[in-house]
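Okay, structure first, notes after.
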There are 2 protein chains.
Amino acid sequence: MVNWSKPRLPRPDAPRTRPRVAPTELTRIDFTEVVPDQVAFLGQAAYIQLEFFESLAKAVATAPDLGAKEGLSAAAGVALRKHHELISELRRLGEEPSEVMAPFAPATDRFRQATSGADWTELLLGIHITSGMLDDYFSRLAEGMPAELGTRVRAVLAERDIAEVVERELERAIAADPTLADRLALWGRSLVGDTLLVARSALRASESTGALGADVEPVFTELIASHTRRMDALGLTA
Amino acid sequence: MVNWSKPRLPRPDAPRTRPRVAPTELTRIDFTEVVPDQVAFLGQAAYIQLEFFESLAKAVATAPDLGAKEGLSAAAGVALRKHHELISELRRLGEEPSEVMAPFAPATDRFRQATSGADWTELLLGIHITSGMLDDYFSRLAEGMPAELGTRVRAVLAERDIAEVVERELERAIAADPTLADRLALWGRSLVGDTLLVARSALRASESTGALGADVEPVFTELIASHTRRMDALGLTA
């Protein structure tokens, strides 16, 4: 129960044991200063989800067993739902999704090919790393959108079912073949550059509205920090 | 409204203008005589929907434009939902879907490869013809299942959104390139044999329960008749 009447007293020993500014606060940035062009934002985000769907569908088709197929097909369904929900937002704004997404297609297609790897495990890690980073990133960008739209978009992007399924399959594959860890660690590192390029391109779409004044570099630091946590969780050196 | 009290009187002029047995009745068969092995039936039907999903996902990935991608990705979502609904029925029966589907995987994978064609339009026609015939066929087979389960399964298979989307894209492609019609007509004819083999294998799974006494040949005649209608609707010679 929340106690509304009693004033919260500062605990006297707290300030001495923690730094004045917590490390996470150092890298925080007020993304509400960045006002993304809503339409371009939604178009790029929707098209990226379509690419995640295509990668997951490929992972279903090439899965080594039916258990993996089942989990991954459910994950593909989630990516598809995200795509269609973002498309619905475009329709709600009176936009034709195909037209809005078209400018993002060539670069995003290339991105998917570049991150789809040489085999099934690399494909899975590609999905895990790129969707993890980009969903985080677009969620942060959505903070600068009109409140209701921003909240809906963040709810769409917050669904974590894909990450859970892909992580489970990767853990299983690494456990079955420990020599995989070194190769996947290398592959995981190589994915970061391409993913940050996509993130930067989303910022450029926002800059074109002339509303971008904030220093966004710290956000990239955040993205890389969560990337490291994602790799650590799989026992891979980031 | 159905009139239960009044006996139906034969109309005196009817017998002279129509054959004693209407052609459609000739090919009707009481599929309630065929009692399919529920578990095997659901396993094969579920795996086939997964294959349709994979083919549709491939059609999304190779679609020539974003409008086609959008429609086909929705269709892929429908196939995925059918797959997951049939899997849920297996779980409800206390079965592990992966184990039940496994025996059907090799033949169904080969079937998908054999029917996926040489380009995007052949892939689409392959999906249209094979899913049209097999959804019809499994719906008929489901008539022999326990009433509630059979009704649910038939409702799952009755969804026609995939056919609509695929038909629209095929019509568009044929309109844009009239030389396509001859090649697709030939391709459509070649799909029938493989599809009937899959249908027959479903019957064999039922026969193994020892409950199959009916002559099912007329059902295949029905399947071919609806195939012809499907081809006609696209202006293709069956």
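So you can find residues: chains in the structure tokens are A, B, ... in the order shown, residues in each start at 1, and ligands are numbered from 1 in order.
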
Using only C-alpha atoms, I'd like a table of the residues in chain A that come within 9 Å of chain B; for each, show the closest atom pair and its distance in Å rounded to one decimal, ordered by chain and ascending number, as CSV.
```
residue,atom,partner,partner_atom,distance
A:Leu50,CA,B:Ser73,CA,8.4
A:Glu51,CA,B:Ala61,CA,8.5
A:Phe53,CA,B:Ala57,CA,8.4
A:Glu54,CA,B:Ala61,CA,6.2
A:Ala57,CA,B:Ala57,CA,6.1
A:Lys58,CA,B:Glu54,CA,7.9
A:Val60,CA,B:Glu54,CA,7.6
A:Ala61,CA,B:Glu54,CA,6.2
A:Asp65,CA,B:Ser98,CA,8.3
A:Leu66,CA,B:Ser98,CA,5.3
A:Gly67,CA,B:Ser98,CA,5.8
A:Lys69,CA,B:Ser98,CA,8.9
A:Glu70,CA,B:Ser98,CA,7.9
A:Ser73,CA,B:Leu80,CA,7.3
A:Ala74,CA,B:Leu80,CA,8.0
A:Ala76,CA,B:Gly77,CA,8.8
A:Gly77,CA,B:Gly77,CA,6.4
A:Leu80,CA,B:Gly77,CA,7.1
A:Arg81,CA,B:Gly77,CA,8.3
A:His84,CA,B:Ala74,CA,8.1
A:Pro97,CA,B:Gly67,CA,8.5
A:Ser98,CA,B:Leu66,CA,5.3
A:Glu99,CA,B:Leu66,CA,8.2
A:Met101,CA,B:Leu66,CA,7.9
A:Ala102,CA,B:Leu66,CA,7.1
A:Ala105,CA,B:Leu66,CA,8.8
```

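For Arg189 of chain A, the list of residues within 9 Å, based on only C-alpha atoms and with local chain neighbours fewer than 5 positions off taken out, reads Leu184, Thr237 and Ala238 of chain A.
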
Near Leu125 of chain B, counting only C-alpha atoms, which residues have an atom at most 9 Å away, once you skip same-chain residues fewer than 6 positions from it, shown as a ChimeraX atom specification? /B:115-117,166-167,170,184,187-188

Between atom CA of Val198 of chain A and atom CA of Ala107 of chain A lies a distance of 8.2 Å

Q: Write out as a PyMOL selection string which residues come within 12 Å of Phe220 of chain B when counting only C-alpha atoms, dropping same-chain ones fewer than 6 positions away.
A: chain B and resi 27-29+133-134+136-138+140-141+192-193+195-200+203+226-227

Which of segment 11-227 of chain B counts as alpha helix (DSSP H) under DSSP, as a ChimeraX atom specification please?
/B:14-17,23-26,38-61,66-92,97-101,105-114,120-141,147-157,161-176,180-207,217-227
